[in-house]
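Student: Sharing work.txt (compact mmCIF, C-alpha atoms and all ligand atoms) below.
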# COMPACT_ATOMS: atom_id res chain seq x y z
CA MET A 334 0.00 0.00 0.00
CA LEU A 335 1.42 3.34 -1.04
CA THR A 336 1.12 6.11 1.52
CA PHE A 337 1.26 9.78 0.56
CA ARG A 338 1.70 12.69 2.91
CA SER A 339 2.07 15.46 0.34
CA ILE A 340 -0.49 16.71 -2.15
CA SER A 341 2.11 16.94 -4.93
CA ALA A 342 3.23 13.29 -4.57
CA LEU A 343 -0.37 12.04 -4.50
CA THR A 344 -1.50 14.08 -7.50
CA LYS A 345 1.57 12.98 -9.47
CA TYR A 346 0.76 9.34 -8.70
CA LEU A 347 -2.91 9.79 -9.65
CA GLU A 348 -1.93 11.12 -13.10
CA LYS A 349 -1.67 7.44 -14.05
CA PHE A 350 -5.45 7.24 -13.66
CA SER A 351 -6.34 10.38 -15.58
CA ASP A 352 -7.63 8.72 -18.77
CA ALA A 353 -11.38 8.40 -19.27
CA GLU A 354 -11.60 4.64 -18.61
CA ALA A 355 -9.75 4.71 -15.30
CA LYS A 356 -12.00 5.50 -12.34
CA ILE A 357 -10.80 6.94 -9.07
CA GLY A 358 -12.81 6.02 -5.98
CA PHE A 359 -12.42 8.14 -2.86
CA VAL A 360 -13.18 7.31 0.78
CA PRO A 361 -12.55 10.35 3.00
CA THR A 362 -12.18 9.50 6.70
CA MET A 363 -10.94 11.02 9.93
CA GLY A 364 -9.28 7.72 10.86
CA SER A 365 -10.00 5.36 13.74
CA LEU A 366 -11.29 2.98 11.11
CA HIS A 367 -14.05 0.48 11.81
CA ASP A 368 -16.19 -1.95 9.79
CA GLY A 369 -18.35 0.93 8.54
CA HIS A 370 -15.29 2.45 6.82
CA ILE A 371 -14.24 -0.98 5.60
CA SER A 372 -17.58 -1.43 3.85
CA LEU A 373 -17.09 1.93 2.05
CA ILE A 374 -13.56 0.91 1.04
CA ASP A 375 -14.76 -2.50 -0.21
CA LYS A 376 -17.46 -0.82 -2.32
CA SER A 377 -14.94 1.60 -3.77
CA ILE A 378 -12.48 -1.16 -4.62
CA LYS A 379 -15.20 -3.09 -6.46
CA LYS A 380 -16.25 -0.05 -8.50
CA SER A 381 -12.98 1.81 -9.14
CA SER A 382 -9.59 1.30 -10.81
CA ILE A 383 -7.88 2.75 -7.75
CA THR A 384 -9.19 3.75 -4.35
CA VAL A 385 -7.83 6.69 -2.37
CA VAL A 386 -8.49 6.58 1.37
CA SER A 387 -7.73 9.78 3.24
CA ILE A 388 -7.15 10.00 6.97
CA PHE A 389 -7.34 13.59 8.09
CA LEU A 390 -8.70 14.86 11.39
CA ASN A 391 -10.25 18.04 10.10
CA PRO A 392 -10.06 20.81 12.73
CA THR A 393 -12.59 23.14 11.08
CA GLN A 394 -15.55 20.81 11.55
CA PHE A 395 -15.22 20.71 15.35
CA ASN A 396 -17.05 23.51 17.10
CA ASP A 397 -15.57 22.37 20.41
CA ASN A 398 -11.79 22.16 20.74
CA LYS A 399 -12.09 19.61 23.56
CA ASP A 400 -14.07 17.34 21.21
CA LEU A 401 -11.25 17.65 18.63
CA GLN A 402 -8.54 16.90 21.22
CA GLU A 403 -10.45 13.88 22.47
CA TYR A 404 -11.37 12.44 19.05
CA PRO A 405 -10.00 8.86 18.92
CA VAL A 406 -6.81 8.63 16.84
CA ASP A 407 -4.99 5.36 16.15
CA HIS A 408 -2.93 5.61 12.96
CA GLU A 409 -1.01 2.40 13.71
CA ALA A 410 -4.22 0.36 13.83
CA ASP A 411 -5.55 2.15 10.74
CA PHE A 412 -2.38 1.37 8.76
CA ARG A 413 -2.57 -2.28 9.81
CA ILE A 414 -6.13 -2.54 8.46
CA LEU A 415 -5.35 -0.76 5.20
CA LYS A 416 -2.12 -2.68 4.54
CA GLU A 417 -4.23 -5.80 3.96
CA TYR A 418 -5.55 -4.17 0.79
CA ASP A 419 -2.05 -4.05 -0.67
CA ASN A 420 -2.02 -2.22 -4.03
CA GLN A 421 -5.83 -1.95 -4.35
CA LEU A 422 -5.74 1.37 -2.54
CA VAL A 423 -3.49 4.29 -1.71
CA LEU A 424 -3.54 6.16 1.55
CA PHE A 425 -3.39 9.94 1.88
CA VAL A 426 -2.44 11.13 5.38
CA PRO A 427 -1.64 14.84 5.19
CA GLU A 428 -0.62 17.09 8.08
CA THR A 429 -2.99 19.97 8.85
CA LYS A 430 -0.54 22.44 7.24
CA GLU A 431 -0.55 20.49 3.98
CA ILE A 432 -4.30 20.98 3.68
CA TYR A 433 -4.79 24.42 5.24
CA GLY A 434 -1.40 26.13 4.82
CA ASP A 435 -0.58 28.67 7.52
CA SER A 436 -4.12 29.75 8.34
CA ILE A 437 -6.83 27.29 9.23
CA GLU A 438 -9.85 28.97 7.70
CA THR A 439 -13.39 27.76 7.27
CA LYS A 440 -15.19 28.77 4.09
CA LYS A 441 -18.82 29.83 4.30
CA TYR A 442 -21.34 28.02 2.13
CA SER A 443 -25.06 28.16 1.61
CA PHE A 444 -26.71 24.78 1.99
CA SER A 445 -30.23 25.84 1.01
CA GLY A 446 -31.67 24.99 4.43
CA LEU A 447 -30.24 21.45 4.62
CA ASP A 448 -28.18 22.56 7.61
CA MET A 449 -31.02 24.32 9.40
CA TYR A 450 -31.81 21.53 11.90
CA MET A 451 -30.13 18.66 13.70
CA GLU A 452 -26.32 18.78 13.43
CA GLY A 453 -26.49 22.10 11.61
CA SER A 454 -28.21 23.83 14.51
CA SER A 455 -26.50 21.82 17.28
CA ARG A 456 -22.91 22.11 16.06
CA GLY A 457 -22.51 25.70 14.83
CA ASN A 458 -20.11 25.89 11.92
CA HIS A 459 -19.80 22.11 11.56
CA PHE A 460 -21.00 21.70 7.97
CA ASN A 461 -19.02 24.70 6.71
CA GLY A 462 -15.97 22.90 8.14
CA VAL A 463 -16.93 19.59 6.57
CA ILE A 464 -17.44 21.09 3.12
CA THR A 465 -14.30 23.24 3.42
CA VAL A 466 -12.22 20.09 3.71
CA VAL A 467 -14.31 17.96 1.35
CA GLU A 468 -13.93 20.62 -1.36
CA LYS A 469 -10.16 20.70 -0.83
CA LEU A 470 -9.93 16.89 -0.87
CA PHE A 471 -12.08 16.63 -4.01
CA GLU A 472 -9.79 19.16 -5.74
CA ILE A 473 -6.72 17.10 -4.79
CA VAL A 474 -8.04 13.59 -5.50
CA LYS A 475 -10.38 14.45 -8.40
CA PRO A 476 -12.45 11.33 -7.79
CA ASP A 477 -15.02 9.83 -10.13
CA TYR A 478 -16.82 8.30 -7.15
CA ALA A 479 -16.87 9.36 -3.50
CA PHE A 480 -18.31 7.10 -0.81
CA PHE A 481 -20.24 8.47 2.17
CA GLY A 482 -22.08 6.59 4.91
CA GLU A 483 -25.78 7.06 5.63
CA LYS A 484 -24.91 7.11 9.34
CA ASP A 485 -24.15 10.82 8.80
CA PHE A 486 -27.18 11.33 6.60
CA GLN A 487 -27.29 15.11 6.90
CA GLN A 488 -23.61 15.30 5.90
CA LEU A 489 -24.33 12.97 2.97
CA ARG A 490 -27.22 15.16 1.74
CA ILE A 491 -25.10 18.31 2.11
CA VAL A 492 -22.24 16.75 0.14
CA GLU A 493 -24.71 15.64 -2.57
CA SER A 494 -26.18 19.12 -2.83
CA PHE A 495 -22.72 20.74 -2.86
CA VAL A 496 -21.60 18.49 -5.73
CA LYS A 497 -24.79 19.31 -7.63
CA ALA A 498 -24.56 23.07 -7.01
CA LYS A 499 -20.93 23.14 -8.20
CA SER A 500 -21.70 20.78 -11.13
CA LEU A 501 -18.80 18.56 -10.09
CA ASN A 502 -18.37 15.42 -12.09
CA ILE A 503 -18.34 13.20 -8.99
CA GLU A 504 -20.86 10.47 -8.26
CA ILE A 505 -21.66 10.35 -4.56
CA ILE A 506 -22.30 6.78 -3.51
CA ARG A 507 -24.56 6.31 -0.48
CA CYS A 508 -23.45 3.48 1.79
CA GLU A 509 -25.71 1.79 4.34
CA THR A 510 -25.01 2.18 8.04
CA LYS A 511 -23.16 -0.77 9.58
CA ARG A 512 -24.37 -1.83 13.01
CA SER A 513 -23.18 -4.08 15.80
CA TYR A 514 -25.30 -7.10 16.80
CA ASP A 515 -27.51 -4.97 19.11
CA GLY A 516 -28.13 -2.29 16.49
CA LEU A 517 -25.59 0.31 17.67
CA ALA A 518 -24.40 2.18 14.57
CA LEU A 519 -20.66 1.80 14.07
CA SER A 520 -18.81 5.04 14.68
CA SER A 521 -15.26 6.01 15.62
CA ARG A 522 -16.72 7.63 18.73
CA ASN A 523 -17.94 4.22 19.99
CA LYS A 524 -14.30 3.55 20.93
CA LYS A 525 -14.83 5.96 23.79
CA LEU A 526 -17.79 3.99 25.20
CA ASN A 527 -17.25 1.31 27.82
CA ASN A 528 -19.30 -1.90 27.68
CA SER A 529 -22.11 -0.66 29.89
CA SER A 530 -22.37 2.62 27.91
CA LYS A 531 -22.49 0.60 24.69
CA LYS A 532 -25.41 -1.37 26.07
CA ILE A 533 -27.22 1.85 26.98
CA ALA A 534 -26.37 3.32 23.58
CA SER A 535 -28.32 0.56 21.85
CA ASN A 536 -31.46 2.45 23.00
CA LEU A 537 -30.83 4.89 20.15
CA TYR A 538 -31.40 2.12 17.61
CA LYS A 539 -34.39 0.82 19.59
CA ALA A 540 -35.95 4.29 19.32
CA LEU A 541 -35.34 4.38 15.57
CA ARG A 542 -36.82 0.90 15.16
CA PHE A 543 -39.87 1.95 17.19
CA ALA A 544 -40.34 4.86 14.78
CA ARG A 545 -40.00 2.61 11.75
CA ASP A 546 -42.28 -0.13 13.12
CA ASN A 547 -44.98 2.39 14.04
CA PHE A 548 -44.64 4.89 11.21
CA ASP A 549 -47.80 3.71 9.46
CA LYS A 550 -49.79 3.21 12.67
CA LEU A 551 -49.11 6.34 14.72
CA GLU A 552 -49.06 10.09 14.14
CA ILE A 553 -45.52 11.52 13.97
CA SER A 554 -46.18 13.60 17.09
CA GLU A 555 -47.18 10.42 18.98
CA ILE A 556 -43.99 8.66 17.93
CA VAL A 557 -41.85 11.62 18.97
CA SER A 558 -43.51 12.11 22.35
CA SER A 559 -43.38 8.40 23.12
CA ILE A 560 -39.62 8.33 22.44
CA GLU A 561 -39.03 11.51 24.44
CA LYS A 562 -40.91 10.03 27.42
CA LYS A 563 -38.93 6.80 27.19
CA PHE A 564 -35.59 8.62 27.16
CA HIS A 565 -36.66 10.80 30.06
CA LYS A 566 -36.70 7.64 32.16
CA ILE A 567 -33.16 6.53 31.21
CA SER A 568 -30.94 8.62 33.45
CA GLU A 569 -27.67 7.67 31.70
CA ILE A 570 -28.82 9.18 28.37
CA SER A 571 -29.35 12.83 27.66
CA LEU A 572 -31.50 13.09 24.54
CA GLU A 573 -30.60 16.09 22.38
CA TYR A 574 -33.13 15.56 19.63
CA PHE A 575 -35.38 12.91 18.18
CA LEU A 576 -37.28 14.00 15.10
CA ILE A 577 -38.71 12.87 11.82
CA ALA A 578 -37.81 14.75 8.66
CA ASP A 579 -38.21 14.33 4.92
CA GLU A 580 -35.11 12.85 3.28
CA SER A 581 -34.66 15.52 0.68
CA LYS A 582 -34.94 18.86 2.53
CA LEU A 583 -34.30 17.54 6.04
CA HIS A 584 -36.98 19.68 7.62
CA PRO A 585 -38.64 18.20 10.73
CA THR A 586 -42.30 17.51 10.24
CA ASN A 587 -45.44 16.29 11.99
CA GLN A 588 -47.24 15.54 8.73
CA LYS A 589 -46.89 12.59 6.37
CA TYR A 590 -47.42 13.14 2.65
CA ASP A 591 -47.72 10.40 0.04
CA GLY A 592 -44.67 9.91 -2.14
CA VAL A 593 -42.32 11.61 0.34
CA LYS A 594 -39.50 9.65 1.93
CA TYR A 595 -39.00 10.15 5.66
CA ARG A 596 -36.24 9.39 8.13
CA ALA A 597 -36.03 9.45 11.91
CA PHE A 598 -32.97 11.19 13.37
CA ILE A 599 -31.57 11.02 16.88
CA ALA A 600 -28.72 12.62 18.82
CA ALA A 601 -27.95 11.83 22.44
CA LYS A 602 -25.13 11.94 24.96
CA ILE A 603 -24.11 8.94 27.02
CA ASN A 604 -21.52 9.75 29.68
CA ASN A 605 -20.74 12.87 27.70
CA ILE A 606 -20.08 10.95 24.45
CA ARG A 607 -22.33 12.38 21.76
CA LEU A 608 -23.80 9.86 19.32
CA ILE A 609 -26.04 10.33 16.29
CA ASP A 610 -28.02 7.87 14.22
CA ASN A 611 -30.91 7.75 11.75
CA ILE A 612 -33.11 5.27 9.91
CA ASN A 613 -35.34 5.29 6.85
CA LEU A 614 -39.04 4.97 7.66
CA ASN A 615 -40.72 4.14 4.36
O1 LIG B 701 -17.47 11.77 7.92
C1 LIG B 701 -16.29 12.08 8.20
O2 LIG B 701 -15.48 11.27 8.67
C2 LIG B 701 -15.82 13.49 7.96
O3 LIG B 701 -16.84 14.40 8.19
C3 LIG B 701 -15.22 13.70 6.55
C4 LIG B 701 -16.24 13.48 5.47
C5 LIG B 701 -14.05 12.74 6.37
C6 LIG B 701 -14.69 15.13 6.42
O4 LIG B 701 -13.73 15.42 7.37
Represent the supplied structure as structure tokens.

Tutor:
Amino acid sequence: MLTFRSISALTKYLEKFSDAEAKIGFVPTMGSLHDGHISLIDKSIKKSSITVVSIFLNPTQFNDNKDLQEYPVDHEADFRILKEYDNQLVLFVPETKEIYGDSIETKKYSFSGLDMYMEGSSRGNHFNGVITVVEKLFEIVKPDYAFFGEKDFQQLRIVESFVKAKSLNIEIIRCETKRSYDGLALSSRNKKLNNSSKKIASNLYKALRFARDNFDKLEISEIVSSIEKKFHKISEISLEYFLIADESKLHPTNQKYDGVKYRAFIAAKINNIRLIDNINLN
């Protein structure tokens, strides 16, 4: 597996794949790889001539410096996982300076309301930070395909709309959320949960399943209030939001309309570890 730390070395290598038939697949990550990332990488390898995996802990998408400092980092373990892929992928692990130069600046974007709720309202400048780095990485890698997990569905929708607005020739491939046996969505942040917190965290998935199983039977407001009541009784979880929104605009709603796709979204803290998850309802 080739590893690149500089933009110039990576772009020079990728020139080999610049003809029309060769396809570059891209899996951007912040490291601390788990089976969710692996499934994105496997999809990319199947579909592309070469896969680029980036590991870059992007400072501009953290609104809380403590959260950034405490984000799980384990490059050794990541390299061990990726090495197994041999020459099917290349790894890009830049330093912050390589990506941002001397000033770490966040660009401002308009996301046409996709960032109005959920992570957009809870985490300040988060999506401006995400798209600042995604835009830079897309310019460097020039992928034909980029793979994003549905676990961060709002991020996925914002990336899709950014690519469309900029008319970039990149196909965004949606990848299903990977879960552990009890439904907990795989996430790098799970590494910070101990076993008992993991058990408690599975309540997030139970809430999403309740919403899916009852979507046709109950009013949205009944689903939401039932979940809120349930979480009120679990002292170890602090529920930040549970809501149902349409998949395309991501606006919370209490109404169901025919032909519209809906998702349930949840964010909660367990022992101060913030987790998010979502599920499709119809
Ligand atoms: O989903 C992530 O891991 C990050 O938000 C991304 C897309 C790699 C940008 O830093």

Student: Go through A:Ala544, A:Ile357, A:Phe350, A:Phe337 one by one, measure the shortest atom-to-atom distance of each to A:Ile388 using only C-alpha atoms, and give the residue with the smallest value.

Tutor: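 The closest residue to A:Ile388 is A:Phe337.
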
Student: Contacts of stretch 471-488 of chain A at 6 Å or less, counting all atoms listed in the file, minus same-chain residues fewer than 6 places along, as an MDAnalysis selection string?

Tutor: chainID A and resid 356:360 503:510 610

Student: Would you export the selected residues with C-alpha atoms as a PDB file, in the coordinates of the input, please?

Tutor:
ATOM      1  CA  LYS A 356     -12.000   5.500 -12.340  1.00  0.00           C
ATOM      2  CA  ILE A 357     -10.800   6.940  -9.070  1.00  0.00           C
ATOM      3  CA  GLY A 358     -12.810   6.020  -5.980  1.00  0.00           C
ATOM      4  CA  PHE A 359     -12.420   8.140  -2.860  1.00  0.00           C
ATOM      5  CA  VAL A 360     -13.180   7.310   0.780  1.00  0.00           C
ATOM      6  CA  ILE A 503     -18.340  13.200  -8.990  1.00  0.00           C
ATOM      7  CA  GLU A 504     -20.860  10.470  -8.260  1.00  0.00           C
ATOM      8  CA  ILE A 505     -21.660  10.350  -4.560  1.00  0.00           C
ATOM      9  CA  ILE A 506     -22.300   6.780  -3.510  1.00  0.00           C
ATOM     10  CA  ARG A 507     -24.560   6.310  -0.480  1.00  0.00           C
ATOM     11  CA  CYS A 508     -23.450   3.480   1.790  1.00  0.00           C
ATOM     12  CA  GLU A 509     -25.710   1.790   4.340  1.00  0.00           C
ATOM     13  CA  THR A 510     -25.010   2.180   8.040  1.00  0.00           C
ATOM     14  CA  ASP A 610     -28.020   7.870  14.220  1.00  0.00           C
TER      15      ASP A 610
END

Student: Using all atoms listed in the file, find the one residue out of A:Gly516, A:Ser521, A:Arg596, A:Asn613 that sits nearest to A:Glu403.

Tutor: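 Comparing A:Gly516, A:Ser521, A:Arg596, A:Asn613 against A:Glu403, the winner is A:Ser521.
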
Student: Write as a list in words the residues around ligand LIG 701 (chain B), taking 6 Å as the cut-off and counting all atoms listed in the file.

Tutor: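 Using all atoms listed in the file, I find these residues within 6 Å of ligand LIG 701 (chain B): Pro361, Thr362, Met363, Asn391, Val463 and Val467 of chain A.
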
Student: Which residue is closest to A:Asp375? Choose from A:Pro585, A:Ser339, A:Leu608, A:Tyr418 and count all atoms listed in the file.

Tutor: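 Of A:Pro585, A:Ser339, A:Leu608, A:Tyr418, the one nearest A:Asp375 is A:Tyr418, counting all atoms listed in the file.
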
Student: Counting all atoms listed in the file, write as a ChimeraX atom specification all protein and nucleic acid residues lying at most 12 Å from (-33.0, 19.7, 10.3) in the file's frame.

Tutor: /A:444-456,486-488,490-491,574-586,596-600

Student: Taking only C-alpha atoms into account, produce a table as a tab-separated table in which each residue of stretch 450-565 of chain A with an atom at most 9 Å from an atom of stretch 419-436 of chain A appears once, together with its shortest atom pair and the distance in Å to one decimal, ordered by chain and rising number.

Tutor:
residue	atom	partner	partner_atom	distance
A:Val466	CA	A:Ile432	CA	8.0
A:Lys469	CA	A:Ile432	CA	7.4
A:Leu470	CA	A:Ile432	CA	8.3

Student: So how many Å separate atom CA of A:Leu335 and atom CA of A:Leu390, to one decimal?

Tutor: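 For atom CA of A:Leu335 relative to atom CA of A:Leu390, the distance reads 19.7 Å.
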
Student: Using all atoms listed in the file, determine which residues lie at most 12 Å from A:Lys563, disregarding the query and same-chain residues fewer than 2 positions distant; provide the list as a PyMOL selection string.

Tutor: chain A and resi 536-537+539-540+543+556-561+565-568+570-572+575

Student: Separation of atom CA of A:Ser381 and atom CA of A:Thr465, in Å?

Tutor: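 For atom CA of A:Ser381 relative to atom CA of A:Thr465, the distance reads 24.9 Å.
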
Student: Rounded to one decimal place, report the atom CA of A:Asp352-atom CA of A:Phe389 distance in Å.

Tutor: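 Atom CA of A:Phe389 lies at a distance of 27.3 Å from atom CA of A:Asp352.
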
Student: Could you pull the residues within 7 Å of A:His459, counting all atoms listed in the file, minus those fewer than 6 positions along the same chain, as a list of chain:residue names?

Tutor: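 Surrounding residues, per the criterion: A:Gln394, A:Phe395, A:Asn396, A:Gly453.
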
Student: Using all atoms listed in the file, which of the listed residues (A:Lys416, A:Glu552, A:Val406, A:Tyr346) sits closest to A:Ile383?

Tutor: A:Tyr346

Student: Which residue, A:Glu417, A:Glu493, A:Glu354, A:Glu573, has the smallest gap to A:Asn605 when you use all atoms listed in the file?

Tutor: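 Closest to A:Asn605, using all atoms listed in the file: A:Glu573.
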
Student: Using all atoms listed in the file, which residues sit within 9 Å of A:Tyr442 once same-chain residues fewer than 5 positions away are excluded, as a ChimeraX atom specification?

Tutor: /A:460-461,464-465,495

Student: Pick from A:Leu517, A:Ala353, A:Glu569, A:Lys399: nearest to A:Asn604, with all atoms listed in the file counted?

Tutor: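 So, comparing all the options, the nearest one is A:Glu569.
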
Student: Using all atoms listed in the file, can you list as a ChimeraX atom specification the residues within 10 Å of (-17.8, 32.0, 4.8)?

Tutor: /A:438-443,458,461-462,465
